[in-house]
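Chemist: See final_8.txt below, with compact mmCIF, C-alpha atoms.
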# COMPACT_ATOMS: atom_id res chain seq x y z
CA MET A 1 -7.78 -96.56 -2.04
CA ILE A 2 -9.50 -94.23 0.38
CA GLU A 3 -11.47 -95.27 3.46
CA TYR A 4 -15.16 -94.33 3.66
CA GLN A 5 -14.70 -92.55 6.98
CA ASP A 6 -11.93 -90.35 5.53
CA VAL A 7 -14.25 -89.22 2.73
CA ALA A 8 -16.99 -88.44 5.24
CA THR A 9 -14.57 -86.47 7.41
CA ALA A 10 -13.28 -84.40 4.48
CA ILE A 11 -16.80 -83.55 3.26
CA GLN A 12 -18.14 -82.88 6.74
CA ARG A 13 -15.45 -80.21 7.26
CA GLU A 14 -16.75 -78.32 4.22
CA ARG A 15 -20.49 -79.04 4.32
CA GLY A 16 -21.57 -75.91 6.19
CA GLU A 17 -25.37 -75.64 5.83
CA ALA A 18 -25.53 -78.10 2.94
CA VAL A 19 -28.26 -80.69 2.57
CA VAL A 20 -26.61 -84.11 2.17
CA VAL A 21 -28.43 -86.94 0.38
CA THR A 22 -26.80 -90.36 0.74
CA ALA A 23 -27.11 -93.92 -0.55
CA MET A 24 -26.25 -97.35 0.80
CA THR A 25 -22.85 -97.73 2.54
CA GLN A 26 -22.25 -93.97 2.33
CA SER A 27 -25.26 -93.45 4.64
CA LYS A 28 -23.66 -95.51 7.41
CA PHE A 29 -20.37 -93.62 7.41
CA TRP A 30 -21.97 -90.23 6.84
CA LYS A 31 -24.26 -90.71 9.84
CA GLU A 32 -21.16 -91.22 12.02
CA ALA A 33 -19.48 -88.04 10.70
CA SER A 34 -22.38 -85.61 10.25
CA ASP A 35 -22.89 -82.79 12.73
CA ARG A 36 -26.14 -81.62 11.10
CA PRO A 37 -28.36 -84.73 11.02
CA GLU A 38 -31.46 -82.57 10.52
CA LEU A 39 -30.09 -81.77 7.04
CA ASP A 40 -29.31 -85.37 6.06
CA ILE A 41 -31.42 -87.72 3.92
CA PRO A 42 -30.36 -91.39 3.69
CA THR A 43 -32.09 -92.96 0.67
CA ASN A 44 -31.36 -96.65 1.00
CA ASN A 45 -34.68 -97.56 -0.59
CA SER A 46 -34.45 -95.47 -3.75
CA MET A 47 -32.76 -97.83 -6.26
CA GLY A 48 -30.19 -95.36 -7.54
CA LYS A 49 -32.25 -92.18 -7.36
CA VAL A 50 -29.93 -90.20 -5.03
CA SER A 51 -28.81 -87.86 -7.79
CA SER A 52 -32.40 -87.18 -8.89
CA ILE A 53 -33.66 -86.44 -5.37
CA ALA A 54 -30.68 -84.15 -4.76
CA LEU A 55 -31.23 -82.41 -8.09
CA GLY A 56 -34.84 -81.65 -7.16
CA ILE A 57 -33.74 -80.12 -3.86
CA ALA A 58 -31.01 -78.12 -5.58
CA LEU A 59 -33.44 -76.70 -8.14
CA GLY A 60 -36.04 -75.89 -5.50
CA ALA A 61 -33.58 -74.33 -3.05
CA PRO A 62 -30.99 -72.65 -5.30
CA ASP A 63 -29.32 -70.76 -2.43
CA ARG A 64 -28.58 -73.96 -0.51
CA LYS A 65 -25.70 -76.28 -1.40
CA VAL A 66 -26.83 -79.86 -1.96
CA ILE A 67 -24.36 -82.74 -1.81
CA ALA A 68 -25.24 -86.17 -3.22
CA LEU A 69 -23.15 -89.03 -1.83
CA ASP A 70 -23.77 -91.54 -4.60
CA GLY A 71 -22.31 -94.97 -5.31
CA ASP A 72 -21.01 -96.32 -8.59
CA GLY A 73 -23.48 -99.22 -8.48
CA SER A 74 -26.31 -96.82 -7.69
CA LEU A 75 -25.41 -94.32 -10.37
CA ILE A 76 -25.21 -96.84 -13.20
CA MET A 77 -28.90 -97.50 -12.44
CA ASN A 78 -29.65 -93.84 -13.14
CA MET A 79 -27.05 -92.75 -15.70
CA GLY A 80 -29.47 -90.47 -17.54
CA SER A 81 -29.65 -88.30 -14.44
CA LEU A 82 -26.14 -87.04 -15.25
CA VAL A 83 -27.47 -85.50 -18.45
CA THR A 84 -30.50 -84.10 -16.62
CA VAL A 85 -28.20 -82.48 -14.05
CA GLY A 86 -25.85 -81.15 -16.72
CA ASN A 87 -28.77 -79.68 -18.64
CA LYS A 88 -30.22 -77.76 -15.66
CA SER A 89 -26.70 -76.99 -14.39
CA PRO A 90 -27.48 -76.02 -10.78
CA LYS A 91 -24.58 -74.08 -9.25
CA ASN A 92 -25.35 -75.51 -5.81
CA PHE A 93 -25.04 -79.20 -6.77
CA VAL A 94 -22.10 -81.39 -5.73
CA HIS A 95 -22.13 -85.02 -6.85
CA VAL A 96 -19.73 -87.33 -5.02
CA VAL A 97 -19.40 -90.80 -6.54
CA TYR A 98 -17.91 -93.49 -4.30
CA ASP A 99 -16.22 -95.86 -6.73
CA ASN A 100 -15.59 -99.28 -5.17
CA GLY A 101 -16.43 -101.39 -8.22
CA VAL A 102 -18.72 -103.76 -6.36
CA TYR A 103 -22.19 -104.24 -4.92
CA ALA A 104 -20.97 -104.17 -1.34
CA ILE A 105 -24.24 -104.95 0.42
CA THR A 106 -24.85 -108.12 -1.58
CA GLY A 107 -21.46 -109.61 -0.89
CA GLY A 108 -19.13 -107.78 -3.27
CA GLN A 109 -20.08 -108.91 -6.76
CA PRO A 110 -18.54 -106.61 -9.42
CA ILE A 111 -20.77 -103.95 -10.93
CA ALA A 112 -21.11 -103.71 -14.70
CA GLY A 113 -18.23 -101.60 -15.93
CA ALA A 114 -16.10 -101.99 -12.81
CA GLY A 115 -12.65 -100.57 -13.47
CA VAL A 116 -13.71 -99.26 -16.86
CA ILE A 117 -16.16 -96.42 -16.20
CA ASN A 118 -14.54 -92.98 -16.46
CA TRP A 119 -16.81 -90.92 -14.21
CA PRO A 120 -15.13 -87.52 -14.71
CA ALA A 121 -15.26 -87.96 -18.50
CA ILE A 122 -18.93 -88.93 -18.39
CA ALA A 123 -19.75 -85.98 -16.13
CA MET A 124 -17.95 -83.47 -18.32
CA GLY A 125 -19.56 -84.98 -21.40
CA SER A 126 -22.95 -84.56 -19.73
CA GLY A 127 -22.52 -80.85 -19.01
CA TYR A 128 -21.05 -80.72 -15.50
CA LYS A 129 -18.88 -77.65 -14.92
CA ALA A 130 -16.00 -79.59 -13.37
CA ALA A 131 -15.05 -83.12 -12.40
CA TYR A 132 -12.31 -84.54 -10.20
CA SER A 133 -10.94 -87.94 -9.29
CA PHE A 134 -9.12 -89.01 -6.15
CA GLU A 135 -7.37 -92.22 -5.16
CA ASP A 136 -5.15 -90.77 -2.42
CA THR A 137 -6.49 -89.71 0.98
CA GLU A 138 -4.13 -86.81 1.56
CA GLU A 139 -4.64 -85.31 -1.87
CA MET A 140 -8.40 -85.58 -1.48
CA ALA A 141 -8.35 -83.92 1.94
CA THR A 142 -6.11 -81.14 0.66
CA GLU A 143 -8.17 -80.38 -2.43
CA MET A 144 -11.65 -80.72 -0.95
CA PRO A 145 -11.93 -77.17 0.51
CA ARG A 146 -11.12 -75.56 -2.83
CA ILE A 147 -13.39 -77.86 -4.82
CA MET A 148 -16.35 -77.50 -2.47
CA ALA A 149 -16.16 -73.72 -2.87
CA GLU A 150 -16.59 -73.91 -6.66
CA ASP A 151 -19.82 -73.39 -8.55
CA GLY A 152 -21.47 -76.60 -9.67
CA PRO A 153 -22.54 -78.89 -10.91
CA ILE A 154 -19.38 -80.71 -9.86
CA LEU A 155 -18.67 -84.43 -9.84
CA ILE A 156 -16.04 -85.84 -7.48
CA ARG A 157 -15.13 -89.47 -8.09
CA ILE A 158 -13.41 -91.11 -5.12
CA GLN A 159 -11.93 -94.59 -5.27
CA VAL A 160 -12.87 -96.13 -1.95
CA LYS A 161 -11.89 -99.36 -0.27
CA PRO A 162 -14.94 -101.65 -0.43
CA VAL A 163 -16.67 -102.44 2.83
CA ILE A 164 -18.32 -105.75 2.02
CA THR A 165 -21.40 -106.81 3.92
CA THR A 166 -20.79 -110.42 4.90
CA ASN A 167 -24.20 -111.35 6.22
CA LEU A 168 -25.70 -110.85 2.74
CA GLY A 169 -28.69 -108.88 3.69
CA VAL A 170 -30.01 -105.71 5.22
CA ILE A 171 -32.30 -106.28 8.16
CA GLN A 172 -35.33 -104.10 7.55
CA THR A 173 -37.73 -103.04 10.25
CA TRP A 174 -40.70 -100.67 10.28
CA GLU A 175 -38.46 -98.25 12.13
CA SER A 176 -35.57 -98.46 9.66
CA ASN A 177 -37.90 -97.96 6.72
CA ALA A 178 -39.39 -94.86 8.35
CA VAL A 179 -36.03 -93.07 8.44
CA MET A 180 -36.00 -91.77 4.85
CA PRO A 181 -39.49 -90.18 4.89
CA ARG A 182 -38.84 -88.76 8.36
CA GLN A 183 -35.57 -87.18 7.27
CA MET A 184 -37.16 -85.77 4.11
CA ARG A 185 -39.67 -83.97 6.31
CA SER A 186 -36.88 -82.79 8.61
CA VAL A 187 -35.05 -81.20 5.68
CA LYS A 188 -38.32 -79.76 4.35
CA VAL A 189 -38.87 -78.00 7.69
CA GLU A 190 -35.28 -76.76 7.81
CA LEU A 191 -35.46 -75.37 4.27
CA ALA A 192 -38.74 -73.62 5.06
CA LYS A 193 -36.92 -71.62 7.74
CA SER A 194 -34.49 -70.09 5.26
CA MET B 195 -59.99 -79.51 -36.55
CA THR B 196 -61.51 -77.35 -33.84
CA THR B 197 -60.28 -74.07 -32.48
CA GLN B 198 -58.77 -73.10 -29.17
CA GLY B 199 -61.23 -72.80 -26.31
CA THR B 200 -63.93 -75.02 -27.76
CA THR B 201 -65.32 -77.99 -25.83
CA GLU B 202 -64.87 -80.30 -28.81
CA GLY B 203 -61.25 -81.06 -28.15
CA LEU B 204 -58.33 -80.48 -25.85
CA THR B 205 -56.17 -77.38 -26.20
CA ALA B 206 -52.73 -77.12 -24.67
CA ARG B 207 -53.08 -73.47 -23.67
CA SER B 208 -56.28 -74.13 -21.70
CA MET B 209 -54.73 -77.10 -20.01
CA VAL B 210 -51.63 -75.17 -18.98
CA GLU B 211 -53.83 -72.40 -17.60
CA HIS B 212 -55.65 -74.91 -15.41
CA ILE B 213 -52.35 -76.38 -14.21
CA SER B 214 -50.86 -72.95 -13.50
CA ALA B 215 -53.97 -72.00 -11.53
CA GLN B 216 -53.01 -74.73 -9.05
CA GLY B 217 -49.73 -72.97 -8.27
CA VAL B 218 -47.45 -75.50 -9.91
CA THR B 219 -43.86 -74.23 -9.79
CA HIS B 220 -42.03 -76.94 -11.75
CA MET B 221 -43.10 -79.43 -14.44
CA VAL B 222 -40.83 -82.47 -14.60
CA THR B 223 -41.38 -83.90 -18.04
CA LEU B 224 -40.36 -85.94 -21.02
CA PRO B 225 -42.40 -85.00 -24.11
CA ASP B 226 -44.66 -87.63 -25.70
CA SER B 227 -47.23 -87.91 -28.46
CA GLU B 228 -50.14 -86.88 -26.24
CA THR B 229 -48.56 -84.01 -24.35
CA ASN B 230 -45.91 -82.57 -26.67
CA PHE B 231 -47.86 -79.46 -27.60
CA MET B 232 -47.81 -78.44 -23.95
CA TYR B 233 -44.09 -77.78 -23.94
CA ASP B 234 -43.99 -74.22 -25.30
CA ASN B 235 -47.08 -73.24 -23.32
CA MET B 236 -45.52 -74.46 -20.09
CA THR B 237 -42.30 -72.54 -20.62
CA GLU B 238 -44.32 -69.38 -21.36
CA SER B 239 -46.55 -69.83 -18.31
CA GLY B 240 -43.84 -69.15 -15.73
CA MET B 241 -43.53 -72.77 -14.65
CA GLU B 242 -39.96 -74.04 -14.66
CA VAL B 243 -39.73 -77.00 -17.00
CA VAL B 244 -37.34 -79.75 -15.88
CA PRO B 245 -36.58 -81.97 -18.89
CA ILE B 246 -35.52 -85.50 -18.00
CA ALA B 247 -33.60 -88.17 -19.88
CA ARG B 248 -35.83 -91.07 -18.78
CA GLU B 249 -39.16 -91.13 -16.97
CA GLY B 250 -37.84 -93.03 -13.95
CA GLU B 251 -36.15 -89.81 -12.81
CA ALA B 252 -39.38 -87.82 -12.70
CA ILE B 253 -40.90 -88.77 -9.35
CA ALA B 254 -37.51 -88.64 -7.59
CA ILE B 255 -36.88 -85.10 -8.86
CA ALA B 256 -40.41 -84.11 -7.89
CA ALA B 257 -39.80 -85.50 -4.40
CA GLY B 258 -36.70 -83.33 -4.12
CA LEU B 259 -38.59 -80.24 -5.26
CA TRP B 260 -41.29 -80.96 -2.69
CA ILE B 261 -38.64 -81.27 0.04
CA ALA B 262 -37.48 -77.81 -1.05
CA ASN B 263 -41.06 -76.57 -0.48
CA GLN B 264 -41.90 -76.20 -4.17
CA LYS B 265 -45.05 -77.51 -5.89
CA PRO B 266 -43.96 -79.80 -8.73
CA ALA B 267 -46.04 -81.86 -11.14
CA VAL B 268 -44.96 -84.61 -13.53
CA MET B 269 -45.90 -85.07 -17.19
CA ILE B 270 -44.88 -88.35 -18.86
CA GLN B 271 -46.40 -91.04 -21.09
CA ASN B 272 -48.01 -94.24 -19.78
CA SER B 273 -45.04 -96.28 -21.02
CA GLY B 274 -42.82 -94.04 -18.91
CA LEU B 275 -45.06 -94.44 -15.88
CA PHE B 276 -44.47 -98.19 -16.07
CA GLU B 277 -40.73 -97.48 -16.06
CA SER B 278 -41.34 -95.25 -13.01
CA GLY B 279 -43.11 -97.96 -11.04
CA ASP B 280 -40.48 -98.37 -8.35
CA ALA B 281 -40.11 -94.61 -7.88
CA LEU B 282 -43.90 -94.34 -7.52
CA ARG B 283 -43.74 -97.06 -4.88
CA GLY B 284 -40.79 -95.82 -2.87
CA LEU B 285 -40.58 -92.08 -3.52
CA GLY B 286 -44.25 -91.30 -4.14
CA ILE B 287 -46.53 -93.53 -2.11
CA GLY B 288 -43.72 -94.45 0.29
CA ILE B 289 -43.02 -90.90 1.43
CA ASP B 290 -46.63 -89.64 1.27
CA LEU B 291 -45.83 -87.30 -1.61
CA PRO B 292 -48.77 -85.12 -2.71
CA LEU B 293 -48.10 -85.17 -6.46
CA VAL B 294 -50.22 -84.86 -9.59
CA MET B 295 -48.88 -86.89 -12.51
CA PHE B 296 -50.14 -86.01 -16.00
CA ILE B 297 -49.95 -89.21 -18.03
CA GLY B 298 -50.23 -89.39 -21.80
CA TYR B 299 -52.70 -92.23 -22.46
CA ARG B 300 -50.96 -93.72 -25.52
CA GLY B 301 -53.18 -96.22 -27.32
CA TYR B 302 -56.47 -95.04 -25.82
CA THR B 303 -59.21 -95.86 -28.37
CA ARG B 304 -62.48 -95.24 -26.48
CA HIS B 305 -64.14 -98.26 -28.06
CA GLY B 306 -62.61 -101.18 -26.21
CA ASP B 307 -60.54 -102.77 -28.96
CA THR B 308 -57.11 -101.67 -27.69
CA PRO B 309 -54.12 -103.14 -29.52
CA ASP B 310 -51.51 -101.07 -27.63
CA SER B 311 -50.49 -102.81 -24.39
CA ALA B 312 -49.41 -99.46 -22.96
CA ALA B 313 -53.09 -98.57 -22.93
CA GLN B 314 -54.30 -102.02 -21.84
CA PHE B 315 -52.24 -101.96 -18.67
CA LEU B 316 -52.50 -98.30 -17.63
CA GLU B 317 -55.68 -98.34 -15.57
CA PRO B 318 -55.00 -101.78 -14.02
CA PHE B 319 -51.52 -100.50 -13.10
CA LEU B 320 -52.96 -97.46 -11.32
CA HIS B 321 -55.51 -99.60 -9.50
CA THR B 322 -52.74 -101.93 -8.35
CA TRP B 323 -50.78 -99.00 -6.92
CA GLY B 324 -53.98 -97.64 -5.36
CA THR B 325 -53.51 -94.40 -7.28
CA PRO B 326 -56.69 -92.41 -8.04
CA TYR B 327 -57.01 -90.98 -11.54
CA TRP B 328 -59.11 -88.83 -13.81
CA ILE B 329 -59.31 -88.95 -17.63
CA ILE B 330 -59.37 -85.76 -19.70
CA GLU B 331 -60.28 -85.68 -23.39
CA THR B 332 -61.73 -82.20 -23.93
CA ASP B 333 -61.46 -78.70 -22.53
CA ALA B 334 -64.88 -79.25 -20.96
CA GLU B 335 -63.27 -81.76 -18.59
CA LEU B 336 -60.37 -79.59 -17.43
CA ASP B 337 -62.03 -78.91 -14.08
CA ARG B 338 -60.88 -82.45 -13.20
CA ILE B 339 -57.37 -81.01 -12.82
CA ALA B 340 -58.47 -79.07 -9.73
CA LEU B 341 -60.07 -82.24 -8.35
CA ALA B 342 -56.81 -84.12 -8.83
CA PHE B 343 -54.75 -81.51 -6.97
CA LYS B 344 -57.33 -81.44 -4.18
CA LYS B 345 -57.18 -85.23 -3.85
CA ALA B 346 -53.36 -85.25 -3.80
CA GLU B 347 -53.31 -82.70 -0.98
CA GLU B 348 -56.11 -84.36 1.02
CA THR B 349 -54.52 -87.80 0.84
CA SER B 350 -50.85 -86.72 0.65
CA LYS B 351 -50.38 -89.30 -2.10
CA PRO B 352 -49.70 -89.28 -5.85
CA VAL B 353 -52.71 -89.09 -8.17
CA ALA B 354 -52.91 -89.20 -11.97
CA VAL B 355 -54.60 -87.22 -14.72
CA LEU B 356 -54.71 -89.28 -17.90
CA ILE B 357 -54.56 -87.33 -21.14
CA GLY B 358 -56.81 -89.34 -23.42
CA ALA B 359 -56.57 -87.14 -26.50
CA GLU B 360 -53.97 -85.43 -28.60
CA TYR B 361 -54.32 -81.68 -28.70
CA VAL B 362 -56.40 -80.08 -31.44
CA SER B 363 -54.65 -76.75 -31.10
CA VAL B 364 -51.95 -75.12 -29.02
Show me, as structure tokens, the structure contained in the file I just sent.
Modeler:
Amino acid sequence: MIEYQDVATAIQRERGEAVVVTAMTQSKFWKEASDRPELDIPTNNSMGKVSSIALGIALGAPDRKVIALDGDGSLIMNMGSLVTVGNKSPKNFVHVVYDNGVYAITGGQPIAGAGVINWPAIAMGSGYKAAYSFEDTEEMATEMPRIMAEDGPILIRIQVKPVITTNLGVIQTWESNAVMPRQMRSVKVELAKS
Amino acid sequence: MTTQGTTEGLTARSMVEHISAQGVTHMVTLPDSETNFMYDNMTESGMEVVPIAREGEAIAIAAGLWIANQKPAVMIQNSGLFESGDALRGLGIGIDLPLVMFIGYRGYTRHGDTPDSAAQFLEPFLHTWGTPYWIIETDAELDRIALAFKKAEETSKPVAVLIGAEYVSV
């Protein structure tokens, strides 16, 4: 299994000017790795809509790479989006699925289909141009530069070591809930410059 | 049957012209009984059509297009709007998204006896979300589309245009 921070490090090395849209636990580790926070959108309040938000950005800004850092529990809430992505087939779309098999922020209960879902097969069957799967850190780090240079849409499934939240709850504040809309506007401003 | 351009019914071509006049770049849509005739007209108008697998994707994709400085609109049926309720909450109202949603008003009877629950709940649903709306049944009412776009921009919130009639002609 691969550690979250190793995934973030490998993607950060290749992100360039990419917009990065994240969900749940991925947001925490991506925030620690990202060197372009003005291009990051954490979507912890979107109930599985990371892929759809990222698709909209990719279609509206076709010259800008867009990376969705999705979770397996999030994506099974929005499975149809894979077909929607495959149908529009944006070349600038990279879909990373962190596969830990559990709902980490609610204490680690298994998701439906844990250990059974074949993400690369589903992606390819939905019209993605390529799909990859990694369970080894070194192999992932070695292959990431080549994969990130390919035309999309691409799905990269990464088996990660679960980071279980033990306090069973996310403490929400007015400030924390203002982060997503603020970052959406930040990216909107950045994209308007290009 | 009436002909295109009359005020006795709603024509898809006239409706698309009014939508295009607002500068809409993308229409995120899943065809339904009320709006299906629009599909070919939209593709011919220069708008990019974004077909979706399920209506819950629509507002999230529109939010992404807006972030990319495009001007999207959404066209789905009332049953699909109910499915989109959480996206309307979090990714529409929650991010101050100026968005016009064209909603097929399935079950609308105009005389009060409304057996279809999709119609019964539509207007109460929009009131609950605090979402302004206009109803369109004929070409004579298409100027309400401009009012809807104006309201969405002024308030930076989602608004709805309810399509209360099936098209009499493309």
Chemist: Of the residues B:Ala267, B:Leu336, B:Met221, B:Ala281, which is the one nearest to chain A, using only C-alpha atoms?
Modeler: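 Between B:Ala267, B:Leu336, B:Met221, B:Ala281, the residue approaching chain A most closely is B:Ala281.
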Chemist: Using only C-alpha atoms, find the residues of chain B whose closest atom to chain A is at most 12 Å away, then write them as a PDB file with C-alpha atoms, in the frame of the given file.
Modeler:
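The new file part26.pdb reads:
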ATOM      1  CA  THR B 219     -43.860 -74.230  -9.790  1.00  0.00           C
ATOM      2  CA  HIS B 220     -42.030 -76.940 -11.750  1.00  0.00           C
ATOM      3  CA  MET B 221     -43.100 -79.430 -14.440  1.00  0.00           C
ATOM      4  CA  VAL B 222     -40.830 -82.470 -14.600  1.00  0.00           C
ATOM      5  CA  THR B 223     -41.380 -83.900 -18.040  1.00  0.00           C
ATOM      6  CA  LEU B 224     -40.360 -85.940 -21.020  1.00  0.00           C
ATOM      7  CA  GLU B 242     -39.960 -74.040 -14.660  1.00  0.00           C
ATOM      8  CA  VAL B 243     -39.730 -77.000 -17.000  1.00  0.00           C
ATOM      9  CA  VAL B 244     -37.340 -79.750 -15.880  1.00  0.00           C
ATOM     10  CA  PRO B 245     -36.580 -81.970 -18.890  1.00  0.00           C
ATOM     11  CA  ILE B 246     -35.520 -85.500 -18.000  1.00  0.00           C
ATOM     12  CA  ALA B 247     -33.600 -88.170 -19.880  1.00  0.00           C
ATOM     13  CA  ARG B 248     -35.830 -91.070 -18.780  1.00  0.00           C
ATOM     14  CA  GLU B 249     -39.160 -91.130 -16.970  1.00  0.00           C
ATOM     15  CA  GLY B 250     -37.840 -93.030 -13.950  1.00  0.00           C
ATOM     16  CA  GLU B 251     -36.150 -89.810 -12.810  1.00  0.00           C
ATOM     17  CA  ALA B 252     -39.380 -87.820 -12.700  1.00  0.00           C
ATOM     18  CA  ILE B 253     -40.900 -88.770  -9.350  1.00  0.00           C
ATOM     19  CA  ALA B 254     -37.510 -88.640  -7.590  1.00  0.00           C
ATOM     20  CA  ILE B 255     -36.880 -85.100  -8.860  1.00  0.00           C
ATOM     21  CA  ALA B 256     -40.410 -84.110  -7.890  1.00  0.00           C
ATOM     22  CA  ALA B 257     -39.800 -85.500  -4.400  1.00  0.00           C
ATOM     23  CA  GLY B 258     -36.700 -83.330  -4.120  1.00  0.00           C
ATOM     24  CA  LEU B 259     -38.590 -80.240  -5.260  1.00  0.00           C
ATOM     25  CA  TRP B 260     -41.290 -80.960  -2.690  1.00  0.00           C
ATOM     26  CA  ILE B 261     -38.640 -81.270   0.040  1.00  0.00           C
ATOM     27  CA  ALA B 262     -37.480 -77.810  -1.050  1.00  0.00           C
ATOM     28  CA  ASN B 263     -41.060 -76.570  -0.480  1.00  0.00           C
ATOM     29  CA  GLN B 264     -41.900 -76.200  -4.170  1.00  0.00           C
ATOM     30  CA  LYS B 265     -45.050 -77.510  -5.890  1.00  0.00           C
ATOM     31  CA  PRO B 266     -43.960 -79.800  -8.730  1.00  0.00           C
ATOM     32  CA  ALA B 267     -46.040 -81.860 -11.140  1.00  0.00           C
ATOM     33  CA  SER B 278     -41.340 -95.250 -13.010  1.00  0.00           C
ATOM     34  CA  GLY B 279     -43.110 -97.960 -11.040  1.00  0.00           C
ATOM     35  CA  ASP B 280     -40.480 -98.370  -8.350  1.00  0.00           C
ATOM     36  CA  ALA B 281     -40.110 -94.610  -7.880  1.00  0.00           C
ATOM     37  CA  LEU B 282     -43.900 -94.340  -7.520  1.00  0.00           C
ATOM     38  CA  ARG B 283     -43.740 -97.060  -4.880  1.00  0.00           C
ATOM     39  CA  GLY B 284     -40.790 -95.820  -2.870  1.00  0.00           C
ATOM     40  CA  LEU B 285     -40.580 -92.080  -3.520  1.00  0.00           C
ATOM     41  CA  GLY B 286     -44.250 -91.300  -4.140  1.00  0.00           C
ATOM     42  CA  ILE B 287     -46.530 -93.530  -2.110  1.00  0.00           C
ATOM     43  CA  GLY B 288     -43.720 -94.450   0.290  1.00  0.00           C
ATOM     44  CA  ILE B 289     -43.020 -90.900   1.430  1.00  0.00           C
ATOM     45  CA  ASP B 290     -46.630 -89.640   1.270  1.00  0.00           C
ATOM     46  CA  LEU B 291     -45.830 -87.300  -1.610  1.00  0.00           C
TER      47      LEU B 291
END
Chemist: For range 13-19 of chain A, find every residue with an atom within 9 Å (counting only C-alpha atoms), except residues of its own chain fewer than 3 positions away, and show them as a list in words.
Modeler: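 Here the qualifying residues turn out to be Ala8, Thr9, Ala10, Arg36, Glu38, Leu39, Asp40, Ile41, Ala54, Ile57, Ala58, Arg64, Lys65, Val66, Ile67, Ala68, Met144, Pro145, Met148, Ala149 and Val187 of chain A.
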Chemist: Of the residues B:Phe276, B:Thr303, B:Gly240, B:Ser350, which is the one nearest to Ile213 in chain B, using only C-alpha atoms?
Modeler: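 Closest residue, counting only C-alpha atoms: B:Gly240.
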Chemist: Between B:Ala215, B:Asn272, B:Glu347, B:Ser239, single out the one closest to Ser311 in chain B, counting all atoms listed in the file.
Modeler: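 Among the listed residues, B:Asn272 lies closest to Ser311 in chain B.
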Chemist: For CA of Phe134 in chain A and CA of Gly108 in chain A, determine how far apart the two atoms are, in Å to one decimal place.
Modeler: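 Interatomic distance here is 21.5 Å.
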Chemist: I need the residue nearest Phe343 in chain B from this list: B:Thr322, B:Ala312, B:Val355, B:Ser208. Use only C-alpha atoms for the distance.
Modeler: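 Distance minimum relative to Phe343 in chain B lands on B:Val355.
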Chemist: Give me the residues within 9 Å of Glu150 in chain A as a list in words, counting all atoms listed in the file and dropping any in the same chain fewer than 6 places off.
Modeler: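 The contact residues come out as Lys91, Asn92 and Ala130 of chain A.
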Chemist: By how many Å are CA of Ile357 in chain B and CA of Ile329 in chain B apart?
Modeler: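 Spanning CA of Ile357 in chain B to CA of Ile329 in chain B is a straight-line distance of 6.1 Å.
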Chemist: Looking at all atoms listed in the file, which of B:Arg304, B:His212, B:Arg207, B:His321 is the one that sits closest to Thr237 in chain B?
Modeler: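 The shortest atom-to-atom distance to Thr237 in chain B comes from B:Arg207.
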Chemist: Using all atoms listed in the file, what residues lie at most 10 Å away from (-20.2, -98.4, 7.4) (file coordinates), given as a ChimeraX atom specification?
Modeler: /A:4-5,24-32,162-165
Chemist: I want to know what sits within 12 Å of Asp6 in chain A, based on all atoms listed in the file, with residues of the same chain fewer than 4 positions away left out; could you give that as an MDAnalysis selection string?
Modeler: chainID A and resid 1:2 10:13 26 29:30 32:33 98 135:142 144 158:161
Chemist: Between CA of Trp328 in chain B and CA of Ile270 in chain B, measure the distance and give it in Å to one decimal.
Modeler: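 Rounded to one decimal, the two atoms are 15.1 Å apart.
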Chemist: For Ala313 in chain B, list every protein, DNA or RNA residue within 10 Å, evaluated using only C-alpha atoms, and leave out those in the same chain fewer than 3 positions away; present the list as a list in words.
Modeler: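 In the requested form, the answer reads Asn272, Ser273, Gly298, Tyr299, Arg300, Gly301, Tyr302, Thr303, Thr308, Pro309, Asp310, Leu316, Glu317, Pro318 and Gly358 of chain B.
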Chemist: Hey, can you spit out that residue selection with C-alpha atoms as a PDB file, in the frame of the given file?
Modeler:
ATOM      1  CA  ASN B 272     -48.010 -94.240 -19.780  1.00  0.00           C
ATOM      2  CA  SER B 273     -45.040 -96.280 -21.020  1.00  0.00           C
ATOM      3  CA  GLY B 298     -50.230 -89.390 -21.800  1.00  0.00           C
ATOM      4  CA  TYR B 299     -52.700 -92.230 -22.460  1.00  0.00           C
ATOM      5  CA  ARG B 300     -50.960 -93.720 -25.520  1.00  0.00           C
ATOM      6  CA  GLY B 301     -53.180 -96.220 -27.320  1.00  0.00           C
ATOM      7  CA  TYR B 302     -56.470 -95.040 -25.820  1.00  0.00           C
ATOM      8  CA  THR B 303     -59.210 -95.860 -28.370  1.00  0.00           C
ATOM      9  CA  THR B 308     -57.110-101.670 -27.690  1.00  0.00           C
ATOM     10  CA  PRO B 309     -54.120-103.140 -29.520  1.00  0.00           C
ATOM     11  CA  ASP B 310     -51.510-101.070 -27.630  1.00  0.00           C
ATOM     12  CA  LEU B 316     -52.500 -98.300 -17.630  1.00  0.00           C
ATOM     13  CA  GLU B 317     -55.680 -98.340 -15.570  1.00  0.00           C
ATOM     14  CA  PRO B 318     -55.000-101.780 -14.020  1.00  0.00           C
ATOM     15  CA  GLY B 358     -56.810 -89.340 -23.420  1.00  0.00           C
TER      16      GLY B 358
END
Chemist: Could you pull range 252-262 of chain B out of the block above and save it with C-alpha atoms, as a short mmCIF file (atom, residue, chain, number, x, y, z; two decimals), in the first residue's frame?
Modeler:
data_model
loop_
_atom_site.label_atom_id
_atom_site.label_comp_id
_atom_site.auth_asym_id
_atom_site.auth_seq_id
_atom_site.Cartn_x
_atom_site.Cartn_y
_atom_site.Cartn_z
CA ALA B 252 -25.27 18.95 -13.80
CA ILE B 253 -24.75 21.72 -11.26
CA ALA B 254 -21.26 20.45 -10.36
CA ILE B 255 -20.19 20.51 -14.02
CA ALA B 256 -21.73 23.95 -14.43
CA ALA B 257 -19.78 25.15 -11.39
CA GLY B 258 -16.57 23.92 -13.00
CA LEU B 259 -17.39 25.68 -16.27
CA TRP B 260 -18.07 28.89 -14.36
CA ILE B 261 -14.71 28.57 -12.58
CA ALA B 262 -13.18 28.33 -16.07
#
